[in-house]
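Chemist: What follows is the file final_29.txt, containing compact mmCIF, C-alpha atoms:
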# COMPACT_ATOMS: atom_id res chain seq x y z
CA MET A 130 0.00 0.00 0.00
CA ALA A 131 1.41 3.38 -0.95
CA ILE A 132 2.15 5.88 1.75
CA ASP A 133 -0.31 8.77 1.87
CA LYS A 134 2.01 11.69 1.23
CA SER A 135 -0.40 14.15 2.81
CA ASN A 136 0.17 12.50 6.18
CA THR A 137 3.82 11.61 5.86
CA ALA A 138 7.11 13.43 6.29
CA PRO A 139 8.18 14.89 2.91
CA TRP A 140 11.44 12.93 2.78
CA VAL A 141 9.71 9.56 2.66
CA ARG A 142 9.39 9.47 -1.12
CA VAL A 143 13.03 10.46 -1.50
CA THR A 144 14.03 7.24 0.23
CA LEU A 145 11.94 5.13 -2.16
CA ILE A 146 14.89 5.03 -4.50
CA ILE A 147 16.49 2.52 -2.11
CA LEU A 148 13.83 -0.01 -2.99
CA ILE A 149 14.20 0.15 -6.74
CA VAL A 150 17.82 1.07 -7.15
CA ALA A 151 18.62 -2.63 -7.48
CA PHE A 152 17.14 -2.48 -10.96
CA VAL A 153 19.96 -0.11 -11.89
CA LEU A 154 22.70 -1.28 -9.55
CA SER A 155 22.31 -4.98 -10.24
CA PHE A 156 25.48 -5.77 -8.31
CA VAL A 157 24.12 -4.30 -5.08
CA ALA A 158 22.69 -6.68 -2.50
CA LEU A 159 20.41 -4.75 -0.16
CA SER A 160 20.33 -6.08 3.38
CA ALA A 161 17.92 -4.84 6.03
CA ASN A 162 15.41 -2.78 4.10
CA PRO A 163 13.56 -0.32 6.36
CA TRP A 164 10.73 0.20 3.88
CA GLN A 165 9.10 -3.21 3.97
CA ALA A 166 5.68 -1.73 3.21
CA PHE A 167 6.80 -0.98 -0.32
CA GLN A 168 8.19 -4.39 -1.14
CA ALA A 169 6.14 -6.83 -3.16
CA PRO A 170 4.27 -9.16 -0.77
CA LYS A 171 5.73 -12.62 -0.49
CA ASN A 172 2.27 -14.11 -0.87
CA THR A 173 1.69 -13.57 -4.57
CA ALA A 174 -2.00 -14.40 -4.14
CA THR A 175 -2.44 -11.07 -2.34
CA ALA A 176 0.03 -9.06 -4.40
CA PRO A 177 -1.54 -6.22 -6.39
CA THR A 178 -1.86 -6.76 -10.11
CA ALA A 179 -1.26 -4.17 -12.81
CA THR A 180 -5.03 -4.00 -13.32
CA SER A 181 -5.81 -3.44 -9.65
CA LEU A 182 -3.15 -0.75 -9.44
CA ASP A 183 -4.64 1.04 -12.43
CA ALA A 184 -8.03 0.95 -10.74
CA GLN A 185 -6.47 2.37 -7.58
CA PHE A 186 -4.54 5.25 -9.11
CA GLN A 187 -6.49 6.26 -12.23
CA PRO A 188 -9.31 8.00 -10.29
CA GLN A 189 -6.74 10.07 -8.39
CA VAL A 190 -5.08 11.11 -11.64
CA ALA A 191 -8.45 11.97 -13.19
CA SER A 192 -9.43 14.11 -10.21
CA LEU A 193 -6.16 16.06 -10.20
CA THR A 194 -6.15 16.42 -13.98
CA SER A 195 -9.65 17.90 -13.81
CA LEU A 196 -8.53 20.34 -11.14
CA LEU A 197 -5.55 21.40 -13.24
CA GLN A 198 -7.78 22.10 -16.22
CA SER A 199 -9.35 24.92 -14.23
CA ASP A 200 -6.11 25.96 -12.55
CA PRO A 201 -3.10 24.80 -14.63
CA THR A 202 -0.54 26.42 -12.34
CA SER A 203 -1.81 25.05 -9.04
CA TYR A 204 1.40 24.07 -7.30
CA THR A 205 -0.37 21.83 -4.80
CA ALA A 206 -2.23 19.96 -7.53
CA LEU A 207 0.88 19.57 -9.68
CA VAL A 208 2.93 18.18 -6.81
CA SER A 209 0.07 15.87 -5.83
CA LEU A 210 -0.17 14.61 -9.40
CA GLY A 211 3.56 13.95 -9.44
CA ASN A 212 3.21 12.10 -6.14
CA VAL A 213 0.41 9.89 -7.45
CA TYR A 214 2.28 8.97 -10.61
CA PHE A 215 5.43 8.33 -8.54
CA ASP A 216 3.63 5.93 -6.21
CA TRP A 217 1.91 4.26 -9.15
CA ALA A 218 5.24 3.74 -10.91
CA VAL A 219 6.82 2.18 -7.83
CA GLN A 220 3.88 -0.13 -7.26
CA LYS A 221 3.66 -1.17 -10.91
CA GLN A 222 7.38 -1.81 -11.06
CA GLN A 223 7.08 -4.14 -8.11
CA ALA A 224 4.03 -5.88 -9.59
CA SER A 225 5.97 -6.42 -12.81
CA GLN A 226 9.04 -8.00 -11.25
CA ASN A 227 7.88 -11.54 -11.94
CA SER A 228 6.20 -10.90 -15.28
CA THR A 229 8.16 -10.30 -18.45
CA SER A 230 4.94 -9.34 -20.25
CA THR A 231 4.50 -6.24 -18.05
CA MET A 232 8.16 -5.35 -17.67
CA GLY A 233 8.68 -1.66 -18.37
CA ALA A 234 5.04 -0.80 -17.74
CA ASP A 235 6.19 1.63 -15.06
CA LEU A 236 8.19 3.79 -17.48
CA PRO A 237 5.26 5.88 -18.78
CA LEU A 238 4.29 6.53 -15.17
CA TRP A 239 7.78 7.76 -14.29
CA SER A 240 7.56 10.01 -17.34
CA ALA A 241 4.19 11.37 -16.25
CA ALA A 242 5.52 12.02 -12.74
CA LYS A 243 8.52 13.80 -14.23
CA ASP A 244 6.29 16.05 -16.31
CA ALA A 245 4.09 16.94 -13.35
CA TYR A 246 7.07 17.75 -11.15
CA ALA A 247 8.66 19.79 -13.94
CA ARG A 248 5.53 21.92 -14.14
CA ALA A 249 5.49 22.27 -10.34
CA VAL A 250 9.14 23.29 -10.25
CA ALA A 251 8.45 25.91 -12.92
CA VAL A 252 5.85 27.42 -10.58
CA ASN A 253 7.94 27.14 -7.41
CA PRO A 254 11.64 26.28 -7.81
CA ASP A 255 12.47 26.67 -4.13
CA GLU A 256 11.14 23.50 -2.48
CA SER A 257 14.04 21.07 -2.10
CA THR A 258 11.90 17.99 -1.53
CA VAL A 259 10.00 18.41 -4.78
CA GLN A 260 13.23 19.17 -6.63
CA VAL A 261 14.73 15.89 -5.43
CA ASP A 262 11.56 14.01 -6.33
CA TYR A 263 11.89 15.54 -9.79
CA ALA A 264 15.52 14.43 -9.96
CA ILE A 265 14.53 10.85 -9.11
CA THR A 266 11.98 10.78 -11.92
CA LEU A 267 14.60 12.12 -14.32
CA PHE A 268 16.88 9.30 -13.19
CA TYR A 269 14.25 6.63 -13.83
CA THR A 270 13.40 8.03 -17.25
CA GLY A 271 17.02 7.72 -18.32
CA ASP A 272 18.35 11.25 -17.85
CA SER A 273 20.92 10.67 -15.11
CA ASN A 274 22.96 13.74 -16.05
CA LYS A 275 19.95 16.02 -15.70
CA ALA A 276 19.09 14.28 -12.41
CA ILE A 277 22.58 15.11 -11.15
CA GLU A 278 22.21 18.70 -12.33
CA VAL A 279 18.93 19.14 -10.44
CA GLY A 280 20.29 17.43 -7.32
CA GLU A 281 23.42 19.55 -7.32
CA ALA A 282 21.31 22.70 -7.70
CA VAL A 283 19.42 21.73 -4.55
CA LEU A 284 22.70 21.24 -2.69
CA LYS A 285 24.02 24.55 -3.93
CA LYS A 286 21.07 26.24 -2.25
CA ASP A 287 21.09 24.02 0.85
CA ALA A 288 24.14 21.84 1.45
CA THR A 289 22.50 20.45 4.60
CA PHE A 290 19.63 18.74 2.77
CA SER A 291 20.78 15.18 3.35
CA PRO A 292 18.27 13.36 1.06
CA ALA A 293 19.76 15.24 -1.89
CA TRP A 294 23.25 13.98 -1.02
CA PHE A 295 21.93 10.42 -0.74
CA ASN A 296 20.23 10.43 -4.13
CA VAL A 297 22.98 12.37 -5.92
CA ALA A 298 25.39 9.70 -4.67
CA ILE A 299 23.33 7.02 -6.40
CA PHE A 300 23.09 9.08 -9.56
CA TYR A 301 26.87 9.50 -9.64
CA GLN A 302 27.37 5.81 -8.95
CA THR A 303 25.26 4.78 -11.92
CA VAL A 304 27.01 7.13 -14.36
CA GLY A 305 30.44 5.81 -13.40
CA GLU A 306 31.66 8.61 -11.13
CA PRO A 307 32.78 6.60 -8.07
CA ALA A 308 34.80 9.36 -6.40
CA LYS A 309 31.88 11.77 -6.54
CA ALA A 310 29.51 9.04 -5.38
CA ILE A 311 31.71 8.26 -2.38
CA ASN A 312 31.94 11.94 -1.47
CA ALA A 313 28.16 12.37 -1.71
CA PHE A 314 27.48 9.28 0.41
CA GLU A 315 29.98 10.53 2.99
CA GLN A 316 28.34 13.96 3.08
CA TYR A 317 24.99 12.28 3.60
CA LEU A 318 26.37 10.22 6.49
CA LYS A 319 27.90 13.28 8.14
CA LEU A 320 24.53 15.01 8.10
CA ASP A 321 22.34 12.03 8.93
CA PRO A 322 24.33 9.12 10.41
CA LYS A 323 21.18 7.50 11.84
CA GLY A 324 18.87 7.98 8.86
CA ALA A 325 16.54 10.30 10.77
CA THR A 326 15.72 12.40 7.70
CA GLY A 327 15.45 9.63 5.15
CA GLY A 328 17.79 7.49 3.10
CA SER A 329 19.64 4.54 4.55
CA PRO A 330 22.96 4.90 6.37
CA ASP A 331 23.62 1.16 6.09
CA PHE A 332 23.07 1.29 2.35
CA ALA A 333 25.35 4.33 2.04
CA ARG A 334 28.12 2.66 4.03
CA SER A 335 27.85 -0.54 2.01
CA GLN A 336 28.12 1.41 -1.23
CA ILE A 337 31.14 3.37 -0.02
CA ASP A 338 32.82 0.07 0.86
CA THR A 339 31.89 -1.45 -2.52
CA LEU A 340 33.10 1.59 -4.44
CA LYS A 341 36.39 1.80 -2.57
CA LYS A 342 37.08 -1.91 -3.03
CA SER A 343 36.29 -1.61 -6.72
CA ALA A 344 38.64 1.36 -7.06
CA ALA A 345 41.40 -0.51 -5.23
CA THR A 346 40.98 -3.55 -7.49
CA THR A 347 41.04 -1.39 -10.60
CA SER A 348 44.20 0.43 -9.52
CA THR A 349 46.07 -2.77 -8.65
CA PRO A 350 48.65 -3.63 -11.39
Could I get this file's structure written as structure tokens?

Modeler:
Amino acid sequence: MAIDKSNTAPWVRVTLIILIVAFVLSFVALSANPWQAFQAPKNTATAPTATSLDAQFQPQVASLTSLLQSDPTSYTALVSLGNVYFDWAVQKQQASQNSTSTMGADLPLWSAAKDAYARAVAVNPDESTVQVDYAITLFYTGDSNKAIEVGEAVLKKDATFSPAWFNVAIFYQTVGEPAKAINAFEQYLKLDPKGATGGSPDFARSQIDTLKKSAATTSTP
């Protein structure tokens, strides 16, 4: 079940990237995952199907789309629409893990979330949480460089926003910038060593260790 963003701390969605980063970092083995509610249920009989997810999220999209027709620059509605598409993409990606026929069905949803966040950011470019959400959708629609650019812009304004460091680290890791990834993970850990504001310190530490070992192996004659 997706978290209701209206009743949840704004950094929660930022940490969702932990759950699906394995699709990009196939060599990463996640250990204790703190976001069990977002993982596909072990009992496949009760797991949501693509059809049931569509039935769950389509009415929310329709309602927000209708609202935006009368007020196209409503920041609240645009962010909410991005949130709905984001949650839908995560859920559909999980539902598609064991079905090759539906693999990639989440991509249009990531794209729709990206577009909604882009419109929201155009209205209000100053909210770090939404900017990072936007960066994550850029990442999952294949524009890692733009995701880094947006994440770095957030950090330029507020170098203490730890979720941005966490996600930028992953972005750098996937584009083959290990030194920058290590630095970003380390900055995240300095700011939030216990994971109080989102992210996963254990994940960050494991990736630093992996990246440093890989660099050492590469540099060995």

Chemist: Have a look at A:Asp244, A:Phe268, A:Leu284, A:Leu340 and name the one nearest to Lys309 (chain A); count all atoms listed in the file.

Modeler: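 The answer is A:Leu340, which sits nearest to Lys309 (chain A).
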
Chemist: Closest to Val259 (chain A) among A:Gln316, A:Asp272, A:Asn212, A:Thr326, using all atoms listed in the file?

Modeler: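 Under the stated criterion, the closest residue is A:Asn212.
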
Chemist: Can you tell me which residues surround Pro254 (chain A) at a distance of at most 12 Å, considering all atoms listed in the file, apart from same-chain residues fewer than 4 positions away, and format the answer as a compact mmCIF listing (two decimals) with C-alpha atoms, in the frame of the given file?

Modeler:
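Okay, selection-v1.txt is ready:
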# COMPACT_ATOMS: atom_id res chain seq x y z
CA TYR A 204 1.40 24.07 -7.30
CA VAL A 208 2.93 18.18 -6.81
CA TYR A 246 7.07 17.75 -11.15
CA ALA A 247 8.66 19.79 -13.94
CA ARG A 248 5.53 21.92 -14.14
CA ALA A 249 5.49 22.27 -10.34
CA VAL A 250 9.14 23.29 -10.25
CA THR A 258 11.90 17.99 -1.53
CA VAL A 259 10.00 18.41 -4.78
CA GLN A 260 13.23 19.17 -6.63
CA VAL A 261 14.73 15.89 -5.43
CA TYR A 263 11.89 15.54 -9.79
CA VAL A 279 18.93 19.14 -10.44
CA ALA A 282 21.31 22.70 -7.70
CA VAL A 283 19.42 21.73 -4.55
CA LYS A 286 21.07 26.24 -2.25

Chemist: Enter the distance from CA of Phe295 (chain A) to CA of Asp321 (chain A), in Å, rounded to one decimal.

Modeler: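 So the two atoms, CA of Phe295 (chain A) and CA of Asp321 (chain A), lie 9.8 Å apart.
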
Chemist: Report as number ranges by chain all protein, DNA and RNA residues lying within 10 Å of region 177-189 of chain A, evaluated on all atoms listed in the file, omitting residues in the same chain fewer than 5 positions from it.

Modeler: A: 130, 169-170, 194-195, 209-210, 213-214, 216-218, 220-225, 231, 234-235

Chemist: Could you tell me how far CA of Val252 (chain A) lies from CA of Glu278 (chain A), in Å and to one decimal?

Modeler: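 So the answer is 18.6 Å.
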
Chemist: With 3 Å on each side, where is the centre of the axis-aligned box around all listed atoms of region 234-239 of chain A, and how long are its edges in Å to one decimal, as lines of an AutoDock Vina configuration file?

Modeler:
center_x = 6.2
center_y = 3.5
center_z = -16.5
size_x = 9.9
size_y = 14.6
size_z = 10.5

Chemist: Mind giving me the straight-line distance from CA of Asn296 (chain A) to CA of Gly280 (chain A) in Å, one decimal?

Modeler: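 Computed distance, CA of Asn296 (chain A) to CA of Gly280 (chain A), equals 7.7 Å.
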
Chemist: What would the list of residues within 12 Å of (27.2, 11.5, 9.6) (file frame) look like as a list in words, if only C-alpha atoms are what count?

Modeler: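 Checked against the point, the hits come out as Thr289, Ser291, Trp294, Phe295, Ala313, Phe314, Glu315, Gln316, Tyr317, Leu318, Lys319, Leu320, Asp321, Pro322, Lys323, Gly324, Ala325, Thr326, Ser329, Pro330, Asp331, Ala333 and Arg334 of chain A.
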
Chemist: Pick from A:Leu196, A:Thr202, A:Gly211, A:Asp287: nearest to Asp255 (chain A), with all atoms listed in the file counted?

Modeler: A:Asp287

Chemist: I want to know what sits within 8 Å of region 341-347 of chain A, based on only C-alpha atoms, with residues of the same chain fewer than 4 positions away left out; could you give that as a list of chain:residue names?

Modeler: A:Pro307, A:Ile311, A:Ile337

Chemist: For Gln302 (chain A), which of A:Thr205, A:Thr339, A:Thr266, A:Ser199 is the closest residue, counting all atoms listed in the file?

Modeler: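 Nearest to Gln302 (chain A): A:Thr339.
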
Chemist: Between A:Ala251, A:Phe215, A:Gln226, A:Tyr301, which one has atoms that come closest to Trp239 (chain A), using all atoms listed in the file?

Modeler: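 The answer is A:Phe215, which sits nearest to Trp239 (chain A).
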